[in-house]
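Below is protein_23.txt, holding compact mmCIF, C-alpha atoms.
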# COMPACT_ATOMS: atom_id res chain seq x y z
CA MET A 19 -22.33 -6.73 3.93
CA PRO A 20 -20.95 -7.86 0.56
CA GLU A 21 -22.28 -10.95 -1.18
CA PRO A 22 -19.78 -13.71 -2.05
CA VAL A 23 -18.23 -13.41 -5.50
CA GLU A 24 -19.20 -16.10 -8.01
CA GLY A 25 -16.47 -18.74 -8.28
CA ALA A 26 -14.96 -17.80 -4.92
CA ASP A 27 -14.55 -21.43 -3.85
CA ALA A 28 -10.77 -21.73 -3.75
CA ALA A 29 -8.39 -19.93 -1.41
CA LEU A 30 -6.58 -17.02 -2.99
CA LEU A 31 -4.43 -16.76 0.14
CA SER A 32 -3.67 -19.59 2.56
CA ALA A 33 -1.34 -19.69 5.53
CA ASP A 34 -0.76 -23.05 7.19
CA ASN A 35 0.75 -23.73 10.62
CA LEU A 36 2.77 -20.52 10.73
CA VAL A 37 5.15 -20.14 13.65
CA LYS A 38 7.16 -17.09 14.71
CA ARG A 39 9.20 -17.09 17.90
CA PHE A 40 11.00 -14.23 19.61
CA GLY A 41 13.35 -15.85 22.08
CA GLY A 42 11.16 -18.17 24.14
CA ILE A 43 7.90 -16.44 23.19
CA SER A 44 5.76 -17.67 20.29
CA ALA A 45 4.06 -14.61 18.82
CA VAL A 46 2.45 -16.86 16.19
CA ASP A 47 2.04 -20.47 17.24
CA GLY A 48 0.79 -22.83 14.52
CA MET A 49 -1.68 -20.33 13.09
CA SER A 50 -3.59 -21.10 9.89
CA LEU A 51 -6.10 -19.11 7.86
CA GLN A 52 -7.61 -19.01 4.39
CA VAL A 53 -9.08 -16.17 2.35
CA LYS A 54 -11.21 -17.15 -0.62
CA ARG A 55 -11.21 -15.11 -3.81
CA GLY A 56 -13.61 -12.19 -3.55
CA GLU A 57 -14.04 -12.36 0.24
CA ILE A 58 -13.48 -9.76 2.91
CA VAL A 59 -12.18 -11.70 5.92
CA GLY A 60 -11.70 -10.13 9.33
CA LEU A 61 -8.76 -11.08 11.55
CA ILE A 62 -9.59 -10.09 15.11
CA GLY A 63 -8.35 -10.74 18.61
CA PRO A 64 -7.25 -8.95 21.77
CA ASN A 65 -4.14 -6.80 21.89
CA GLY A 66 -1.03 -8.98 21.76
CA ALA A 67 -2.82 -11.85 20.03
CA GLY A 68 -0.26 -11.91 17.19
CA LYS A 69 -2.38 -10.37 14.43
CA THR A 70 0.16 -7.86 13.12
CA THR A 71 2.95 -10.44 13.34
CA MET A 72 0.73 -12.72 11.24
CA PHE A 73 0.39 -9.91 8.68
CA ASP A 74 4.16 -9.42 8.73
CA LEU A 75 4.72 -13.10 7.98
CA ILE A 76 2.23 -13.13 5.13
CA ALA A 77 3.58 -9.91 3.61
CA GLY A 78 7.25 -10.84 4.01
CA ALA A 79 8.21 -8.19 6.56
CA GLN A 80 9.33 -11.07 8.80
CA SER A 81 10.29 -14.67 8.05
CA ALA A 82 8.32 -17.51 9.60
CA ASP A 83 10.18 -20.11 11.65
CA ALA A 84 7.84 -22.76 10.26
CA GLY A 85 4.77 -23.13 8.09
CA SER A 86 3.75 -22.33 4.53
CA ILE A 87 2.04 -19.47 2.68
CA ARG A 88 0.44 -19.72 -0.76
CA LEU A 89 -0.85 -16.88 -2.91
CA ASP A 90 -3.02 -17.88 -5.85
CA GLY A 91 -1.54 -21.37 -5.68
CA ALA A 92 2.13 -20.30 -5.54
CA ALA A 93 4.33 -20.84 -2.49
CA ILE A 94 5.60 -17.45 -1.31
CA GLU A 95 6.95 -18.07 2.22
CA THR A 96 10.59 -17.80 1.04
CA LEU A 97 10.09 -14.76 -1.20
CA ALA A 98 11.15 -11.23 -0.29
CA ALA A 99 8.41 -8.69 0.40
CA ASP A 100 8.85 -6.92 -2.96
CA ARG A 101 8.40 -10.20 -4.83
CA ARG A 102 5.16 -10.82 -2.95
CA VAL A 103 3.96 -7.36 -3.97
CA ALA A 104 4.81 -8.18 -7.59
CA LEU A 105 2.73 -11.36 -7.32
CA GLY A 106 -0.29 -9.39 -6.14
CA LEU A 107 -0.11 -8.97 -2.37
CA GLY A 108 -0.80 -5.41 -1.17
CA ARG A 109 -0.57 -4.22 2.41
CA THR A 110 -1.33 -1.12 4.46
CA PHE A 111 -0.08 -0.35 7.96
CA GLN A 112 -1.82 0.63 11.19
CA ILE A 113 0.27 3.83 11.33
CA PRO A 114 0.83 5.22 7.81
CA ARG A 115 4.17 6.90 7.19
CA PRO A 116 3.98 8.79 3.89
CA PHE A 117 6.90 10.80 2.53
CA PRO A 118 5.98 14.11 4.19
CA THR A 119 7.50 16.55 1.69
CA MET A 120 6.27 14.72 -1.41
CA SER A 121 2.83 15.54 -2.77
CA VAL A 122 -0.13 13.23 -2.26
CA VAL A 123 -0.06 12.11 -5.90
CA GLU A 124 3.71 11.55 -5.78
CA ASN A 125 3.27 9.35 -2.69
CA VAL A 126 0.76 7.24 -4.59
CA MET A 127 3.10 6.95 -7.60
CA VAL A 128 5.70 5.37 -5.32
CA GLY A 129 3.53 2.24 -5.33
CA ALA A 130 3.95 1.64 -9.08
CA GLN A 131 5.79 -1.57 -9.93
CA ALA A 132 8.38 -2.51 -12.60
CA GLN A 133 9.16 1.03 -13.71
CA SER A 134 11.89 1.31 -16.35
CA GLY A 135 13.16 4.50 -14.74
CA GLU A 136 14.20 2.58 -11.63
CA ARG A 137 17.12 1.14 -13.63
CA ILE A 138 20.12 3.16 -14.83
CA TRP A 139 20.36 2.27 -18.53
CA PRO A 140 16.76 3.04 -19.62
CA ASN A 141 17.23 6.59 -18.33
CA TRP A 142 19.99 7.02 -20.92
CA PHE A 143 18.87 4.86 -23.82
CA SER A 144 15.07 4.60 -23.48
CA MET A 145 14.15 8.06 -22.25
CA SER A 146 10.90 8.21 -24.23
CA ARG A 147 9.72 4.94 -22.70
CA VAL A 148 10.61 6.15 -19.21
CA ALA A 149 8.74 9.42 -19.81
CA SER A 150 5.71 7.58 -21.18
CA GLU A 151 5.57 5.27 -18.15
CA GLU A 152 5.88 8.28 -15.86
CA ARG A 153 2.90 9.98 -17.52
CA LEU A 154 0.80 6.82 -17.33
CA ASN A 155 1.68 6.32 -13.68
CA HIS A 156 0.86 9.95 -12.91
CA ASP A 157 -2.55 9.63 -14.56
CA LYS A 158 -3.25 6.35 -12.75
CA ALA A 159 -2.20 7.87 -9.42
CA LEU A 160 -4.54 10.83 -9.98
CA GLU A 161 -7.43 8.43 -10.60
CA LEU A 162 -6.66 6.59 -7.36
CA VAL A 163 -6.35 9.85 -5.42
CA ASP A 164 -9.78 10.77 -6.75
CA PHE A 165 -11.15 7.33 -5.83
CA VAL A 166 -10.12 7.75 -2.17
CA GLY A 167 -11.52 11.28 -2.06
CA LEU A 168 -8.26 13.23 -1.83
CA SER A 169 -8.25 14.93 -5.25
CA HIS A 170 -8.55 18.37 -3.62
CA LEU A 171 -5.22 17.65 -1.89
CA ALA A 172 -3.44 15.94 -4.79
CA THR A 173 -0.66 18.52 -5.10
CA GLU A 174 -0.32 19.25 -1.39
CA PRO A 175 2.55 17.75 0.64
CA ALA A 176 1.52 14.62 2.53
CA ARG A 177 2.46 16.25 5.84
CA VAL A 178 -0.78 18.29 5.78
CA LEU A 179 -2.98 15.18 5.86
CA SER A 180 -4.90 14.08 8.94
CA GLY A 181 -4.52 10.55 10.28
CA GLY A 182 -7.61 9.34 8.46
CA GLN A 183 -6.53 10.99 5.21
CA ARG A 184 -3.15 9.29 5.51
CA LYS A 185 -4.92 5.93 5.70
CA LEU A 186 -6.81 6.79 2.51
CA LEU A 187 -3.50 7.79 0.90
CA GLU A 188 -1.92 4.49 1.94
CA LEU A 189 -4.87 2.61 0.46
CA ALA A 190 -4.38 4.43 -2.85
CA ARG A 191 -0.65 3.68 -2.82
CA ALA A 192 -1.30 -0.04 -2.22
CA LEU A 193 -3.78 -0.06 -5.11
CA MET A 194 -1.15 1.45 -7.41
CA ALA A 195 0.51 -1.99 -7.57
CA ASP A 196 -2.70 -3.68 -8.84
CA PRO A 197 -2.92 -6.20 -5.99
CA LYS A 198 -5.00 -9.39 -6.06
CA ILE A 199 -5.50 -9.17 -2.30
CA LEU A 200 -5.22 -6.31 0.19
CA LEU A 201 -4.04 -6.77 3.77
CA LEU A 202 -5.44 -3.83 5.76
CA ASP A 203 -4.05 -3.31 9.26
CA GLU A 204 -6.62 -1.51 11.44
CA PRO A 205 -7.99 0.93 8.84
CA ALA A 206 -10.48 2.32 11.39
CA ALA A 207 -7.99 3.02 14.21
CA GLY A 208 -7.86 6.69 15.21
CA VAL A 209 -10.14 7.82 12.38
CA ASN A 210 -13.02 10.27 12.86
CA PRO A 211 -16.52 9.00 11.99
CA THR A 212 -16.78 10.91 8.71
CA LEU A 213 -13.51 9.60 7.32
CA LEU A 214 -14.21 6.16 8.75
CA ALA A 215 -17.42 6.00 6.71
CA SER A 216 -15.39 6.99 3.64
CA ILE A 217 -12.80 4.26 4.27
CA VAL A 218 -15.49 1.60 4.71
CA GLU A 219 -17.24 2.74 1.53
CA ARG A 220 -13.98 2.47 -0.44
CA ILE A 221 -13.27 -1.03 0.86
CA LEU A 222 -16.77 -2.16 -0.07
CA ALA A 223 -16.48 -0.53 -3.49
CA LEU A 224 -13.18 -2.35 -4.12
CA ASN A 225 -14.72 -5.65 -3.05
CA ALA A 226 -17.68 -5.05 -5.37
CA ARG A 227 -15.11 -4.85 -8.19
CA GLY A 228 -13.68 -8.23 -7.15
CA MET A 229 -10.90 -7.22 -4.74
CA THR A 230 -10.12 -9.76 -2.00
CA VAL A 231 -9.40 -8.29 1.45
CA LEU A 232 -7.97 -9.52 4.75
CA VAL A 233 -8.47 -6.89 7.45
CA ILE A 234 -7.28 -6.58 11.06
CA GLU A 235 -9.79 -4.50 12.97
CA HIS A 236 -10.89 -3.88 16.56
CA ASN A 237 -14.01 -1.91 15.65
CA MET A 238 -16.62 -4.66 15.60
CA ASP A 239 -19.20 -2.42 13.91
CA VAL A 240 -16.77 -2.08 11.01
CA VAL A 241 -16.07 -5.82 11.03
CA ALA A 242 -19.79 -6.61 10.96
CA ARG A 243 -20.34 -4.23 8.05
CA LEU A 244 -17.41 -5.49 5.98
CA CYS A 245 -17.00 -9.18 6.70
CA ARG A 246 -18.98 -12.37 6.14
CA HIS A 247 -16.21 -14.46 7.74
CA VAL A 248 -14.08 -13.69 10.80
CA THR A 249 -10.98 -15.46 12.14
CA VAL A 250 -10.13 -14.93 15.80
CA MET A 251 -6.60 -15.15 17.20
CA ALA A 252 -5.53 -15.36 20.84
CA SER A 253 -2.02 -16.01 22.16
CA GLY A 254 -0.78 -16.56 18.61
CA ARG A 255 -3.26 -19.33 17.85
CA LEU A 256 -6.55 -19.81 16.06
CA LEU A 257 -9.32 -19.43 18.63
CA ALA A 258 -12.53 -19.34 16.57
CA GLU A 259 -13.95 -18.82 13.10
CA GLY A 260 -17.38 -17.94 11.74
CA THR A 261 -19.65 -15.05 10.90
CA PRO A 262 -19.36 -11.85 12.98
CA ASP A 263 -22.50 -12.85 14.93
CA GLU A 264 -21.20 -16.36 15.59
CA VAL A 265 -17.84 -15.27 16.96
CA ALA A 266 -19.47 -12.50 19.01
CA ARG A 267 -21.55 -15.18 20.80
CA ASP A 268 -18.61 -17.56 21.29
CA PRO A 269 -17.74 -17.84 25.03
CA GLN A 270 -14.06 -18.42 24.23
CA VAL A 271 -13.93 -15.17 22.28
CA ALA A 272 -15.57 -13.28 25.14
CA GLU A 273 -13.05 -14.78 27.56
CA ALA A 274 -10.13 -13.84 25.27
CA TYR A 275 -11.18 -10.20 25.22
CA LEU A 276 -12.37 -9.91 28.82
CA GLY A 277 -10.29 -12.52 30.59
CA GLY A 278 -6.81 -11.61 29.33
CA LEU A 279 -5.91 -14.63 27.24
CA ALA A 280 -3.69 -12.51 24.97
CA ALA A 281 0.04 -12.95 25.40
Can the structure in the file be given as structure tokens, please?
Amino acid sequence: MPEPVEGADAALLSADNLVKRFGGISAVDGMSLQVKRGEIVGLIGPNGAGKTTMFDLIAGAQSADAGSIRLDGAAIETLAADRRVALGLGRTFQIPRPFPTMSVVENVMVGAQAQSGERIWPNWFSMSRVASEERLNHDKALELVDFVGLSHLATEPARVLSGGQRKLLELARALMADPKILLLDEPAAGVNPTLLASIVERILALNARGMTVLVIEHNMDVVARLCRHVTVMASGRLLAEGTPDEVARDPQVAEAYLGGLAA
């Protein structure tokens, strides 16, 4: 389990009283959480608790009906998802969907931000700058592919990857944007034990370098290995907080998982 990073006393990410309704159902109902700089925080709860919707609200995939979100002190709840990425919020998904015909390294390069070649005029009048950025991004993507252990597949199309390898690819693509915090949605789901160990090792290695992480995960062994602090959701609300051992002993948490409190 990682040790807390020195100076990690202020929240890098805070979400306060978030609400998201779908018709008459509140998927997120006044939910708040904080992630301090340098932490790995687990977000757990039974199926239907609202965890992925909470991620969607933080990342900008959906708009909250109420509440506020701050990243490194800046209010981001009204910003589009791409602006949140530019400010340092990275996110992976429970089911990765890479571009199947593009190579592994090309998929990682897609995560690069503020590329001159994305605009029309630099491709005509600043071709050398565009080419230079492309080379730098390619080299950076290769380094990230190597970091996640996929260098032997760097030039292969992404369609050949297993489910676990696709999660490693998605991690590399998120890192391409140089995030301050990573939101990881069930990185262990559907992954064989060998690749799962590799994913956990990479997350711990990133945290050792100072990366802050918020992770949704059902595998409590993984949560216990990664996290010093865990936030529990049930029926869209905050149910409990504490260390993995503390929440595992909490009767309300046991009831939420075994007694069907999830909406």
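Minimum atom-to-atom distance to Ala159 of chain A, evaluated using all atoms listed in the file, belongs to A:Thr173 out of A:Gln80, A:Asn210, A:Thr173, A:Thr70.
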(message) Between atom CA of Arg184 of chain A and atom CA of Leu200 of chain A, what is the distance in Å, rounded to a tenth?
(response) 16.6 Å
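When atom CA of Gly208 of chain A is paired with atom CA of Asp100 of chain A, their separation reads 28.2 Å.
If you look at atom CA of Arg255 of chain A and atom CA of Gly91 of chain A, they are 23.7 Å away from each other.
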(request) For each of A:Val59, A:Val163, A:Leu36, A:Leu202, take the minimum atom-to-atom distance to Arg88 of chain A, counting all atoms listed in the file, then give the residue where this is smallest. (result) A:Leu36
(request) Give as a ChimeraX atom specification each residue that has an atom at most 7 Å from (-16.8, -8.6, 17.5) in the file, counting only C-alpha atoms. (result) /A:238,262,265-266
(request) Do a neighbour search on Leu186 of chain A at 9 Å with all atoms listed in the file, toss out local chain neighbours closer than 5 positions, and write the hits as a PyMOL selection string. (result) chain A and resi 163+166-168+181+191+205+213+216-217+220
(message) So that I can see what lies close to segment 226-230 of chain A, please list as JSON, numbers by chain the residues with an atom at most 8 Å from it, counting all atoms listed in the file and leaving out residues fewer than 2 positions away in the same chain.
(response) {"A": [20, 23, 53, 54, 55, 56, 57, 58, 198, 199, 200, 222, 223, 224, 232]}
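Distances here use all atoms listed in the file; by that measure, the residue among A:Asp34, A:Asp90, A:Glu174, A:Glu124 closest to Leu160 of chain A is A:Glu124.
Minimum distance to Ala28 of chain A across A:Asn237, A:Thr249, A:Gln52, A:Ser169 (counting all atoms listed in the file) occurs at A:Gln52.
The smallest atom-to-atom distance between Pro116 of chain A and any of A:Ala242, A:Val231, A:Leu187, A:Leu154, using only C-alpha atoms, is found for A:Leu187.
Distance check against Ile76 of chain A using all atoms listed in the file: of A:Leu201, A:Ala252, A:Leu105, A:Ala206, the minimum falls on A:Leu201.
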(request) Select all residues near (-1.2, 15.6, -5.1) (cut-off 6 Å, inclusive, file coordinates), counting all atoms listed in the file, and output them as a VMD selection string. (result) chain A and resid 121 to 123 171 to 174
(message) Taking 4 positions as the minimum chain separation for residues in the same chain, which residues sit within 8 Å of Arg177 of chain A when counting only C-alpha atoms? Answer as a list in words.
(response) Pro116, Phe117, Pro118 and Thr119 of chain A
Let me see the file: selected residues, C-alpha atoms, as a tab-separated table (two decimals), in the frame of the given file.
chain	number	residue	atom	x	y	z
A	116	PRO	CA	3.98	8.79	3.89
A	117	PHE	CA	6.90	10.80	2.53
A	118	PRO	CA	5.98	14.11	4.19
A	119	THR	CA	7.50	16.55	1.69
